[in-house]
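One structure is given below, encoded as structure tokens.
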Amino acid sequence: MKRDLMSLHDLSSDEILHILDLTQKIKNDKTMGKAILKDQSIGLVFQKPSNRTRVSFEVGVTQLGGHCLYLGPDEINLGVRESTADVSKTLSRYLNGIVARTHTHQDIEDLCRYSSVPVINGLSDLYHPCQALTDLFSIKEKFEQIKGLTFAYIGDGNNVCHSLLIGCAKVGIHINVATPKGYEPDEDVIETAKTYAEQSGVSIDLSNSPEEAVGQADVIYTDVWVSMGQEKESEKRLADFDNFQINEKLMQLANNKHIFMHCLPAHRGQEVTAEVIDGPNSIVFDQAENRLHTQKAVLMFLFQTQETCQTE
Ligand code: CP
Ligand code: NVA
């Protein structure tokens, strides 16, 4: 039985916490698991640009003894040159695992469905689970105890927001989300996150007020206002998000010991001011570094689980 990571729905709360602990061990000992992917080839099927996800997976796979192939949109044009099902079945005959960055989440689901090897979602329009795992690890690294913290997400109710909603709800972090009207998170994602939040005993507060969301929060998070693939909506979005910038004035409402987070890439002067993202409370480059350690933990988790299942 292979294990995929399409979204954080695929991991129990305990498994998420286990991956966070494993990430810490890997960060402390960079040689840990260095032969886990020996003689294994991992394909990176990327339909959109990437810095952090691509590089951290390529370096992470290499450090675990494996080999990566980058397959960009010019090589594999999912659903255009051939069907996603055929791509997935073919790649499964060569590769030991696939990391995919796709336009639609349906493509991730199809890759998982037709692949006989583990598939990891490296970002779709709906979710960015690897980012959220890194973010939870980065929060744990700063605060040690994550249960009961308050997390404020200000901006677009997008893929990153969705994964953070699920991740925070699963591990017991209160989450406040403030978006402009019309840019709220997906309703199904909210409903599912609420069931996880009930189980872990935390609140999910949705509003259109950045001030309300930030009030006393321990973590302030934002992402771009225009995600990859939404470029044609730029002008309207920049106008609609005008009051949702993270700046010093807004940050004064947060907890004294707050941290600022952003998945990057960032646009200074749009969703965040340079003063905040380059300021003393910002941990954005620790987050970026942690992508590498978390990616390795995810690979170890999925591939060791697979080995365990195969020998049982
Ligand atoms: N945060 C993140 O996923 O960055 P990239 O788009 O550069 O991979
Ligand atoms: N929401 C952004 C995240 C980039 C890492 C996007 O999808 O472009």
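Just so we're on the same page: first chain in the structure tokens is A, next is B, and so on; residues restart at 1 for each chain, and ligands are numbered from 1 in the order they show up.
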
Residues near His67 (chain A), cut-off 9 Å, only C-alpha atoms, skip fewer than 5 positions along chain, as a PDB file with all heavy atoms, in the first residue's frame:
ATOM      1  N   LEU A  37      16.731   6.844   0.352  1.00  0.00           N
ATOM      2  CA  LEU A  37      16.269   6.844  -1.047  1.00  0.00           C
ATOM      3  C   LEU A  37      17.356   6.326  -1.999  1.00  0.00           C
ATOM      4  O   LEU A  37      17.348   6.649  -3.185  1.00  0.00           O
ATOM      5  CB  LEU A  37      15.826   8.251  -1.461  1.00  0.00           C
ATOM      6  CG  LEU A  37      14.597   8.807  -0.733  1.00  0.00           C
ATOM      7  CD1 LEU A  37      14.260  10.209  -1.249  1.00  0.00           C
ATOM      8  CD2 LEU A  37      13.392   7.899  -0.894  1.00  0.00           C
ATOM      9  N   LYS A  38      18.273   5.523  -1.453  1.00  0.00           N
ATOM     10  CA  LYS A  38      19.369   4.990  -2.294  1.00  0.00           C
ATOM     11  C   LYS A  38      18.785   4.271  -3.518  1.00  0.00           C
ATOM     12  O   LYS A  38      17.847   3.484  -3.390  1.00  0.00           O
ATOM     13  CB  LYS A  38      20.212   4.017  -1.447  1.00  0.00           C
ATOM     14  CG  LYS A  38      21.481   3.585  -2.130  1.00  0.00           C
ATOM     15  CD  LYS A  38      22.348   2.787  -1.156  1.00  0.00           C
ATOM     16  CE  LYS A  38      23.625   2.308  -1.808  1.00  0.00           C
ATOM     17  NZ  LYS A  38      23.422   1.371  -2.902  1.00  0.00           N
ATOM     18  N   ASP A  39      19.323   4.602  -4.679  1.00  0.00           N
ATOM     19  CA  ASP A  39      18.890   4.003  -5.953  1.00  0.00           C
ATOM     20  C   ASP A  39      17.437   4.323  -6.325  1.00  0.00           C
ATOM     21  O   ASP A  39      16.841   3.641  -7.154  1.00  0.00           O
ATOM     22  CB  ASP A  39      19.076   2.467  -5.945  1.00  0.00           C
ATOM     23  CG  ASP A  39      20.530   2.074  -5.735  1.00  0.00           C
ATOM     24  OD1 ASP A  39      21.413   2.843  -6.183  1.00  0.00           O
ATOM     25  OD2 ASP A  39      20.790   1.037  -5.101  1.00  0.00           O
ATOM     26  N   GLN A  40      16.856   5.329  -5.682  1.00  0.00           N
ATOM     27  CA  GLN A  40      15.465   5.696  -5.991  1.00  0.00           C
ATOM     28  C   GLN A  40      15.452   6.981  -6.816  1.00  0.00           C
ATOM     29  O   GLN A  40      16.255   7.891  -6.592  1.00  0.00           O
ATOM     30  CB  GLN A  40      14.681   5.930  -4.698  1.00  0.00           C
ATOM     31  CG  GLN A  40      14.822   4.832  -3.680  1.00  0.00           C
ATOM     32  CD  GLN A  40      13.568   4.015  -3.490  1.00  0.00           C
ATOM     33  OE1 GLN A  40      12.476   4.518  -3.554  1.00  0.00           O
ATOM     34  NE2 GLN A  40      13.731   2.741  -3.263  1.00  0.00           N
ATOM     35  N   SER A  41      14.513   7.060  -7.735  1.00  0.00           N
ATOM     36  CA  SER A  41      14.368   8.261  -8.570  1.00  0.00           C
ATOM     37  C   SER A  41      13.013   8.908  -8.304  1.00  0.00           C
ATOM     38  O   SER A  41      11.982   8.235  -8.337  1.00  0.00           O
ATOM     39  CB  SER A  41      14.464   7.889 -10.049  1.00  0.00           C
ATOM     40  OG  SER A  41      15.735   7.357 -10.316  1.00  0.00           O
ATOM     41  N   ILE A  42      13.056  10.196  -8.030  1.00  0.00           N
ATOM     42  CA  ILE A  42      11.829  10.952  -7.744  1.00  0.00           C
ATOM     43  C   ILE A  42      11.635  11.982  -8.857  1.00  0.00           C
ATOM     44  O   ILE A  42      12.555  12.752  -9.172  1.00  0.00           O
ATOM     45  CB  ILE A  42      11.941  11.699  -6.381  1.00  0.00           C
ATOM     46  CG1 ILE A  42      12.370  10.745  -5.254  1.00  0.00           C
ATOM     47  CG2 ILE A  42      10.623  12.419  -6.045  1.00  0.00           C
ATOM     48  CD1 ILE A  42      11.393   9.657  -4.889  1.00  0.00           C
ATOM     49  N   GLY A  43      10.466  11.991  -9.458  1.00  0.00           N
ATOM     50  CA  GLY A  43      10.167  12.946 -10.530  1.00  0.00           C
ATOM     51  C   GLY A  43       9.444  14.163  -9.985  1.00  0.00           C
ATOM     52  O   GLY A  43       8.548  14.035  -9.151  1.00  0.00           O
ATOM     53  N   GLU A  58      14.692  18.837  -4.454  1.00  0.00           N
ATOM     54  CA  GLU A  58      15.864  18.298  -5.177  1.00  0.00           C
ATOM     55  C   GLU A  58      17.023  18.056  -4.213  1.00  0.00           C
ATOM     56  O   GLU A  58      17.657  17.001  -4.230  1.00  0.00           O
ATOM     57  CB  GLU A  58      16.284  19.248  -6.309  1.00  0.00           C
ATOM     58  CG  GLU A  58      15.295  19.229  -7.467  1.00  0.00           C
ATOM     59  CD  GLU A  58      15.925  19.598  -8.807  1.00  0.00           C
ATOM     60  OE1 GLU A  58      17.146  19.472  -8.975  1.00  0.00           O
ATOM     61  OE2 GLU A  58      15.146  20.004  -9.703  1.00  0.00           O
ATOM     62  N   VAL A  61      16.053  15.162  -1.632  1.00  0.00           N
ATOM     63  CA  VAL A  61      16.144  13.819  -2.209  1.00  0.00           C
ATOM     64  C   VAL A  61      17.621  13.423  -2.347  1.00  0.00           C
ATOM     65  O   VAL A  61      18.011  12.301  -2.013  1.00  0.00           O
ATOM     66  CB  VAL A  61      15.415  13.757  -3.576  1.00  0.00           C
ATOM     67  CG1 VAL A  61      15.768  12.477  -4.327  1.00  0.00           C
ATOM     68  CG2 VAL A  61      13.899  13.862  -3.376  1.00  0.00           C
ATOM     69  N   THR A  62      18.448  14.362  -2.803  1.00  0.00           N
ATOM     70  CA  THR A  62      19.886  14.071  -2.945  1.00  0.00           C
ATOM     71  C   THR A  62      20.495  13.713  -1.586  1.00  0.00           C
ATOM     72  O   THR A  62      21.244  12.747  -1.456  1.00  0.00           O
ATOM     73  CB  THR A  62      20.628  15.293  -3.550  1.00  0.00           C
ATOM     74  OG1 THR A  62      19.960  15.657  -4.752  1.00  0.00           O
ATOM     75  CG2 THR A  62      22.082  14.985  -3.849  1.00  0.00           C
TER      76      THR A  62
END

Ligand 1: which residues are within 8 Å, counting only C-alpha atoms and all ligand atoms, as a PyMOL selection string? chain A and resi 49-55+122-123+128+131+263-265+288

For the selection just defined, write its residues with all heavy atoms to a file, as an mmCIF file, in the first residue's frame.
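Result saved to out-v4.cif:
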data_model
loop_
_atom_site.group_PDB
_atom_site.id
_atom_site.type_symbol
_atom_site.label_atom_id
_atom_site.label_comp_id
_atom_site.auth_asym_id
_atom_site.auth_seq_id
_atom_site.Cartn_x
_atom_site.Cartn_y
_atom_site.Cartn_z
ATOM 1 N N PRO A 49 5.931 27.720 -11.913
ATOM 2 C CA PRO A 49 7.293 27.994 -11.415
ATOM 3 C C PRO A 49 7.446 27.675 -9.927
ATOM 4 O O PRO A 49 6.450 27.578 -9.212
ATOM 5 C CB PRO A 49 7.454 29.509 -11.625
ATOM 6 C CG PRO A 49 6.280 29.974 -12.386
ATOM 7 C CD PRO A 49 5.222 28.929 -12.307
ATOM 8 N N SER A 50 8.688 27.529 -9.492
ATOM 9 C CA SER A 50 8.948 27.275 -8.068
ATOM 10 C C SER A 50 10.407 27.547 -7.747
ATOM 11 O O SER A 50 11.291 27.234 -8.551
ATOM 12 C CB SER A 50 8.641 25.810 -7.737
ATOM 13 O OG SER A 50 9.087 25.498 -6.437
ATOM 14 N N ASN A 51 10.651 28.117 -6.598
ATOM 15 C CA ASN A 51 12.009 28.225 -6.067
ATOM 16 C C ASN A 51 12.123 27.230 -4.911
ATOM 17 O O ASN A 51 12.750 26.179 -5.016
ATOM 18 C CB ASN A 51 12.257 29.679 -5.634
ATOM 19 C CG ASN A 51 13.562 29.874 -4.868
ATOM 20 O OD1 ASN A 51 14.316 28.936 -4.658
ATOM 21 N ND2 ASN A 51 13.826 31.095 -4.437
ATOM 22 N N ARG A 52 11.455 27.557 -3.782
ATOM 23 C CA ARG A 52 11.592 26.782 -2.556
ATOM 24 C C ARG A 52 11.206 25.307 -2.702
ATOM 25 O O ARG A 52 11.946 24.413 -2.271
ATOM 26 C CB ARG A 52 10.739 27.405 -1.428
ATOM 27 C CG ARG A 52 11.380 28.625 -0.803
ATOM 28 C CD ARG A 52 10.330 29.636 -0.429
ATOM 29 N NE ARG A 52 9.761 30.216 -1.615
ATOM 30 C CZ ARG A 52 10.258 31.301 -2.227
ATOM 31 N NH1 ARG A 52 11.267 31.935 -1.714
ATOM 32 N NH2 ARG A 52 9.728 31.748 -3.347
ATOM 33 N N THR A 53 10.038 25.050 -3.277
ATOM 34 C CA THR A 53 9.551 23.662 -3.313
ATOM 35 C C THR A 53 10.466 22.807 -4.186
ATOM 36 O O THR A 53 10.887 21.718 -3.782
ATOM 37 C CB THR A 53 8.105 23.634 -3.842
ATOM 38 O OG1 THR A 53 7.349 24.574 -3.073
ATOM 39 C CG2 THR A 53 7.491 22.253 -3.718
ATOM 40 N N ARG A 54 10.789 23.330 -5.365
ATOM 41 C CA ARG A 54 11.649 22.550 -6.268
ATOM 42 C C ARG A 54 13.033 22.321 -5.664
ATOM 43 O O ARG A 54 13.518 21.196 -5.599
ATOM 44 C CB ARG A 54 11.780 23.272 -7.615
ATOM 45 C CG ARG A 54 12.769 22.559 -8.501
ATOM 46 C CD ARG A 54 12.997 23.220 -9.826
ATOM 47 N NE ARG A 54 14.068 22.513 -10.530
ATOM 48 C CZ ARG A 54 14.496 22.823 -11.730
ATOM 49 N NH1 ARG A 54 13.937 23.801 -12.396
ATOM 50 N NH2 ARG A 54 15.471 22.143 -12.289
ATOM 51 N N VAL A 55 13.653 23.411 -5.202
ATOM 52 C CA VAL A 55 15.040 23.281 -4.733
ATOM 53 C C VAL A 55 15.105 22.438 -3.459
ATOM 54 O O VAL A 55 15.973 21.577 -3.304
ATOM 55 C CB VAL A 55 15.689 24.674 -4.539
ATOM 56 C CG1 VAL A 55 17.106 24.536 -4.002
ATOM 57 C CG2 VAL A 55 15.694 25.449 -5.859
ATOM 58 N N GLY A 122 2.928 19.244 -4.364
ATOM 59 C CA GLY A 122 3.852 20.376 -4.165
ATOM 60 C C GLY A 122 3.185 21.702 -4.447
ATOM 61 O O GLY A 122 3.878 22.675 -4.726
ATOM 62 N N LEU A 123 1.905 21.757 -4.390
ATOM 63 C CA LEU A 123 1.012 22.927 -4.557
ATOM 64 C C LEU A 123 0.024 22.674 -5.704
ATOM 65 O O LEU A 123 0.410 22.298 -6.806
ATOM 66 C CB LEU A 123 1.785 24.221 -4.863
ATOM 67 C CG LEU A 123 0.973 25.528 -5.039
ATOM 68 C CD1 LEU A 123 1.723 26.735 -4.480
ATOM 69 C CD2 LEU A 123 0.600 25.773 -6.497
ATOM 70 N N HIS A 128 -1.629 23.385 -0.298
ATOM 71 C CA HIS A 128 -0.157 23.386 -0.319
ATOM 72 C C HIS A 128 0.313 22.721 0.988
ATOM 73 O O HIS A 128 0.829 23.369 1.896
ATOM 74 C CB HIS A 128 0.339 24.834 -0.420
ATOM 75 C CG HIS A 128 1.772 24.975 -0.840
ATOM 76 N ND1 HIS A 128 2.596 23.892 -1.110
ATOM 77 C CD2 HIS A 128 2.548 26.085 -1.034
ATOM 78 C CE1 HIS A 128 3.792 24.331 -1.447
ATOM 79 N NE2 HIS A 128 3.797 25.649 -1.411
ATOM 80 N N GLN A 131 3.919 23.122 2.477
ATOM 81 C CA GLN A 131 4.126 24.447 3.073
ATOM 82 C C GLN A 131 3.554 24.484 4.493
ATOM 83 O O GLN A 131 4.203 24.953 5.430
ATOM 84 C CB GLN A 131 3.451 25.516 2.196
ATOM 85 C CG GLN A 131 3.645 26.922 2.731
ATOM 86 C CD GLN A 131 5.087 27.383 2.652
ATOM 87 O OE1 GLN A 131 5.697 27.296 1.599
ATOM 88 N NE2 GLN A 131 5.651 27.861 3.748
ATOM 89 N N CYS A 263 4.801 32.463 3.244
ATOM 90 C CA CYS A 263 5.362 31.293 2.550
ATOM 91 C C CYS A 263 6.404 31.677 1.511
ATOM 92 O O CYS A 263 7.223 30.852 1.125
ATOM 93 C CB CYS A 263 4.240 30.484 1.911
ATOM 94 S SG CYS A 263 3.227 31.445 0.774
ATOM 95 N N LEU A 264 6.366 32.934 1.037
ATOM 96 C CA LEU A 264 7.213 33.440 -0.055
ATOM 97 C C LEU A 264 6.847 32.727 -1.368
ATOM 98 O O LEU A 264 6.467 31.563 -1.298
ATOM 99 C CB LEU A 264 8.709 33.296 0.249
ATOM 100 C CG LEU A 264 9.207 33.941 1.561
ATOM 101 C CD1 LEU A 264 10.704 33.664 1.730
ATOM 102 C CD2 LEU A 264 8.937 35.437 1.587
ATOM 103 N N PRO A 265 6.942 33.351 -2.514
ATOM 104 C CA PRO A 265 7.509 34.680 -2.747
ATOM 105 C C PRO A 265 6.595 35.785 -2.208
ATOM 106 O O PRO A 265 5.381 35.615 -2.161
ATOM 107 C CB PRO A 265 7.600 34.766 -4.277
ATOM 108 C CG PRO A 265 6.554 33.832 -4.784
ATOM 109 C CD PRO A 265 6.468 32.727 -3.777
ATOM 110 N N ALA A 288 11.680 29.354 5.096
ATOM 111 C CA ALA A 288 12.182 28.884 3.794
ATOM 112 C C ALA A 288 13.208 27.764 4.009
ATOM 113 O O ALA A 288 13.155 26.725 3.336
ATOM 114 C CB ALA A 288 12.798 30.045 3.021
#

Find the residues near Gln216 (chain A): any atom within 8 Å, counting only C-alpha atoms, skip ones fewer than 4 places away on the same chain, and give them as a count of residues only. 4

Neighbouring residues of Gly72 (chain A) were defined as those with any atom within 12 Å, considering only C-alpha atoms; residues of the same chain fewer than 3 positions away were excluded. Please report them as a PyMOL selection string. chain A and resi 43-50+54+69+75-78+99-102

Neighbours of ligand 2 within 6 Å, counting only C-alpha atoms and all ligand atoms, as a list in words? Asn158, Asn159, Val160, Val224, Ser227, Met228, Cys263 and Leu264 of chain A

Write out as a VMD selection string the residues lying within 8 Å of Lys89 (chain A), counting only C-alpha atoms and excluding same-chain residues fewer than 5 positions away. chain A and resid 114 to 116

Using C-alpha atoms, can you export the residues from the last selection as a PDB file, in the first residue's frame?
ATOM      1  CA  TYR A 114      -3.338   6.200 -11.374  1.00  0.00           C
ATOM      2  CA  SER A 115       0.149   6.068  -9.858  1.00  0.00           C
ATOM      3  CA  SER A 116       1.505   2.978  -8.155  1.00  0.00           C
TER       4      SER A 116
END

Distance criterion (only C-alpha atoms): nearest to Pro129 (chain A) out of A:Leu149, A:Val202, A:Leu64, A:Leu165: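 Once distances to Pro129 (chain A) are computed over only C-alpha atoms, the minimum belongs to A:Leu165.
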
Choose the residue, out of A:Tyr70, A:Trp225, A:Phe143, A:Tyr183, that has the smallest atom-to-atom separation from Asn208 (chain A); count only C-alpha atoms.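 Among the listed residues, the smallest separation from Asn208 (chain A) belongs to A:Tyr183.
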
Near region 189-199 of chain A, counting only C-alpha atoms, which residues have an atom at most 9 Å away, once you skip same-chain residues fewer than 5 positions from it, shown as a PyMOL selection string? chain A and resi 162-163+165-174+204

Export C-alpha atoms of the chosen residues as an mmCIF file, in the first residue's frame?
data_model
loop_
_atom_site.group_PDB
_atom_site.id
_atom_site.type_symbol
_atom_site.label_atom_id
_atom_site.label_comp_id
_atom_site.auth_asym_id
_atom_site.auth_seq_id
_atom_site.Cartn_x
_atom_site.Cartn_y
_atom_site.Cartn_z
ATOM 1 C CA HIS A 162 -6.671 26.067 3.171
ATOM 2 C CA SER A 163 -3.755 23.879 4.213
ATOM 3 C CA LEU A 165 -6.762 25.858 8.262
ATOM 4 C CA ILE A 166 -6.620 22.066 8.167
ATOM 5 C CA GLY A 167 -3.176 21.854 9.779
ATOM 6 C CA CYS A 168 -3.871 24.285 12.636
ATOM 7 C CA ALA A 169 -7.245 22.693 13.368
ATOM 8 C CA LYS A 170 -5.680 19.226 13.477
ATOM 9 C CA VAL A 171 -2.856 20.105 15.862
ATOM 10 C CA GLY A 172 -4.845 22.364 18.190
ATOM 11 C CA ILE A 173 -4.017 25.944 17.136
ATOM 12 C CA HIS A 174 -6.821 28.550 17.182
ATOM 13 C CA ILE A 204 -11.952 28.907 13.804
#

Quick one: pull the distance between CA of Ser13 (chain A) and CA of Leu302 (chain A), Å, one decimal. 15.5 Å

With distances taken over only C-alpha atoms, which of A:Gln295, A:Thr23, A:Thr31, A:Ser7 is nearest to Cys112 (chain A)?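 Answer, going by the shortest atom-to-atom distance: A:Ser7.
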
Shortest interatomic distance to Gly215 (chain A) - which of A:Ile146, A:Val177, A:Leu91, A:Ala239, counting only C-alpha atoms: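 Once distances to Gly215 (chain A) are computed over only C-alpha atoms, the minimum belongs to A:Val177.
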
If DSSP is run on the backbone, what residues of region 190-286 of chain A are alpha helix (DSSP H)? A reply as a PyMOL selection string would be ideal. chain A and resi 190-200+210-214+234-240+248-251+274-277+284-286

Selected residues written out, N, CA, C and O atoms, as a short mmCIF file (atom, residue, chain, number, x, y, z; two decimals), in the first residue's frame:
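Output contents, as saved in part24.cif:
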data_model
loop_
_atom_site.label_atom_id
_atom_site.label_comp_id
_atom_site.auth_asym_id
_atom_site.auth_seq_id
_atom_site.Cartn_x
_atom_site.Cartn_y
_atom_site.Cartn_z
N ILE A 190 -13.62 24.83 4.93
CA ILE A 190 -13.98 25.40 6.24
C ILE A 190 -14.75 24.36 7.06
O ILE A 190 -14.46 24.14 8.24
N GLU A 191 -15.74 23.73 6.42
CA GLU A 191 -16.56 22.76 7.15
C GLU A 191 -15.71 21.62 7.70
O GLU A 191 -15.85 21.22 8.85
N THR A 192 -14.81 21.11 6.87
CA THR A 192 -13.95 20.00 7.33
C THR A 192 -13.02 20.48 8.43
O THR A 192 -12.82 19.78 9.44
N ALA A 193 -12.46 21.67 8.25
CA ALA A 193 -11.54 22.20 9.28
C ALA A 193 -12.29 22.34 10.60
O ALA A 193 -11.74 22.09 11.67
N LYS A 194 -13.56 22.74 10.52
CA LYS A 194 -14.35 22.89 11.77
C LYS A 194 -14.52 21.56 12.51
O LYS A 194 -14.50 21.53 13.74
N THR A 195 -14.66 20.49 11.75
CA THR A 195 -14.79 19.19 12.44
C THR A 195 -13.47 18.82 13.13
O THR A 195 -13.47 18.32 14.25
N TYR A 196 -12.35 19.11 12.47
CA TYR A 196 -11.06 18.85 13.13
C TYR A 196 -10.89 19.75 14.35
O TYR A 196 -10.38 19.33 15.39
N ALA A 197 -11.33 21.00 14.22
CA ALA A 197 -11.18 21.96 15.33
C ALA A 197 -12.00 21.53 16.54
O ALA A 197 -11.56 21.67 17.68
N GLU A 198 -13.17 20.98 16.26
CA GLU A 198 -14.00 20.48 17.38
C GLU A 198 -13.27 19.37 18.11
O GLU A 198 -13.26 19.32 19.34
N GLN A 199 -12.65 18.48 17.32
CA GLN A 199 -11.93 17.35 17.95
C GLN A 199 -10.74 17.83 18.78
O GLN A 199 -10.46 17.28 19.84
N SER A 200 -10.06 18.87 18.30
CA SER A 200 -8.86 19.32 19.05
C SER A 200 -9.20 20.44 20.04
O SER A 200 -8.32 20.90 20.76
N PRO A 210 -9.09 42.55 9.31
CA PRO A 210 -7.72 42.21 9.72
C PRO A 210 -7.49 42.56 11.19
O PRO A 210 -6.83 41.81 11.92
N GLU A 211 -8.05 43.68 11.65
CA GLU A 211 -7.83 44.12 13.04
C GLU A 211 -8.39 43.08 14.01
O GLU A 211 -7.75 42.73 15.01
N GLU A 212 -9.59 42.57 13.69
CA GLU A 212 -10.21 41.56 14.56
C GLU A 212 -9.37 40.28 14.56
O GLU A 212 -9.14 39.67 15.61
N ALA A 213 -8.88 39.88 13.40
CA ALA A 213 -8.12 38.62 13.30
C ALA A 213 -6.79 38.70 14.04
O ALA A 213 -6.36 37.76 14.70
N VAL A 214 -6.13 39.85 13.94
CA VAL A 214 -4.79 39.99 14.50
C VAL A 214 -4.80 40.13 16.02
O VAL A 214 -3.84 39.74 16.69
N SER A 234 -5.13 40.57 -11.65
CA SER A 234 -4.25 41.36 -10.78
C SER A 234 -4.83 42.71 -10.39
O SER A 234 -4.88 43.06 -9.20
N GLU A 235 -5.29 43.46 -11.39
CA GLU A 235 -5.72 44.83 -11.11
C GLU A 235 -6.87 44.85 -10.09
O GLU A 235 -6.85 45.58 -9.11
N LYS A 236 -7.86 44.00 -10.31
CA LYS A 236 -9.02 43.93 -9.41
C LYS A 236 -8.59 43.46 -8.02
O LYS A 236 -8.99 44.02 -7.01
N ARG A 237 -7.76 42.44 -7.99
CA ARG A 237 -7.33 41.91 -6.70
C ARG A 237 -6.55 42.95 -5.90
O ARG A 237 -6.79 43.12 -4.70
N LEU A 238 -5.62 43.65 -6.54
CA LEU A 238 -4.82 44.64 -5.80
C LEU A 238 -5.74 45.70 -5.19
O LEU A 238 -5.52 46.16 -4.07
N ALA A 239 -6.80 46.05 -5.91
CA ALA A 239 -7.74 47.03 -5.37
C ALA A 239 -8.57 46.43 -4.24
O ALA A 239 -8.73 47.04 -3.18
N ASP A 240 -9.04 45.20 -4.42
CA ASP A 240 -9.91 44.57 -3.41
C ASP A 240 -9.18 44.28 -2.09
O ASP A 240 -9.79 44.23 -1.03
N GLU A 248 3.12 47.91 10.17
CA GLU A 248 3.44 48.13 11.59
C GLU A 248 2.20 48.48 12.41
O GLU A 248 2.04 48.02 13.53
N LYS A 249 1.32 49.27 11.81
CA LYS A 249 0.12 49.72 12.54
C LYS A 249 -0.74 48.50 12.92
O LYS A 249 -1.19 48.37 14.07
N LEU A 250 -0.90 47.60 11.96
CA LEU A 250 -1.71 46.40 12.23
C LEU A 250 -1.01 45.50 13.25
O LEU A 250 -1.64 44.96 14.17
N MET A 251 0.31 45.39 13.11
CA MET A 251 1.07 44.50 13.99
C MET A 251 1.05 44.95 15.45
O MET A 251 1.28 44.15 16.35
N ALA A 274 7.94 46.29 3.76
CA ALA A 274 9.33 45.86 3.96
C ALA A 274 9.68 45.91 5.44
O ALA A 274 10.39 45.05 5.97
N GLU A 275 9.15 46.92 6.12
CA GLU A 275 9.40 47.10 7.56
C GLU A 275 9.02 45.82 8.35
O GLU A 275 9.75 45.41 9.26
N VAL A 276 7.90 45.22 7.99
CA VAL A 276 7.45 44.02 8.72
C VAL A 276 8.21 42.78 8.26
O VAL A 276 8.76 42.05 9.08
N ILE A 277 8.26 42.55 6.96
CA ILE A 277 8.86 41.28 6.51
C ILE A 277 10.37 41.24 6.76
O ILE A 277 10.95 40.17 6.97
N VAL A 284 10.59 34.61 8.07
CA VAL A 284 10.31 34.05 6.74
C VAL A 284 11.47 33.22 6.16
O VAL A 284 11.22 32.27 5.42
N PHE A 285 12.72 33.58 6.50
CA PHE A 285 13.81 32.79 5.91
C PHE A 285 14.10 31.53 6.73
O PHE A 285 14.61 30.54 6.19
N ASP A 286 13.73 31.53 8.01
CA ASP A 286 13.76 30.27 8.76
C ASP A 286 12.73 29.32 8.16
O ASP A 286 12.99 28.12 7.97
#

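Taking only C-alpha atoms into account, His18 (chain A) lies nearest to A:Leu136 out of the set A:Ile220, A:Val272, A:Leu136, A:Met6.
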
Taking the backbone alone, and naming residues the way the document does, which bits of region 9-164 of chain A are strand (DSSP E or B) by DSSP, as a list of chain:residue names?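 Assigned to strand (DSSP E or B), within region 9-164 of chain A: A:Ser41, A:Ile42, A:Gly43, A:Leu44, A:Val45, A:Phe46, A:His67, A:Cys68, A:Leu69, A:Tyr70, A:Leu71, A:Leu78, A:Glu82, A:Gly97, A:Ile98, A:Val99, A:Ala100, A:Arg101, A:Val119, A:Ile120, A:Asn121, A:Thr150, A:Phe151, A:Ala152, A:Tyr153, A:Ile154.
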
Which residue out of A:Asp74, A:Asp218, A:Asp223, A:Asp14 has the minimum interatomic distance to Asp156 (chain A) when only C-alpha atoms are used?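 Smallest separation from Asp156 (chain A) among the options: A:Asp223.
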
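The gap separating CA of Thr294 (chain A) from CA of Thr273 (chain A) is 27.6 Å, in Å to one decimal.
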
What is the distance between CA of Asn28 (chain A) and CA of Gly66 (chain A), in Å to one decimal?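 CA of Gly66 (chain A) lies at a distance of 20.6 Å from CA of Asn28 (chain A).
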
Give me the residues near Gln24 (chain A) as a list in words, where near means some atom within 9 Å (using only C-alpha atoms) and where sequence neighbours in that chain fewer than 5 positions away do not count.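 So the residues in contact are Ile19, Asp29, Phe137, Glu141, His293, Thr294 and Ala297 of chain A.
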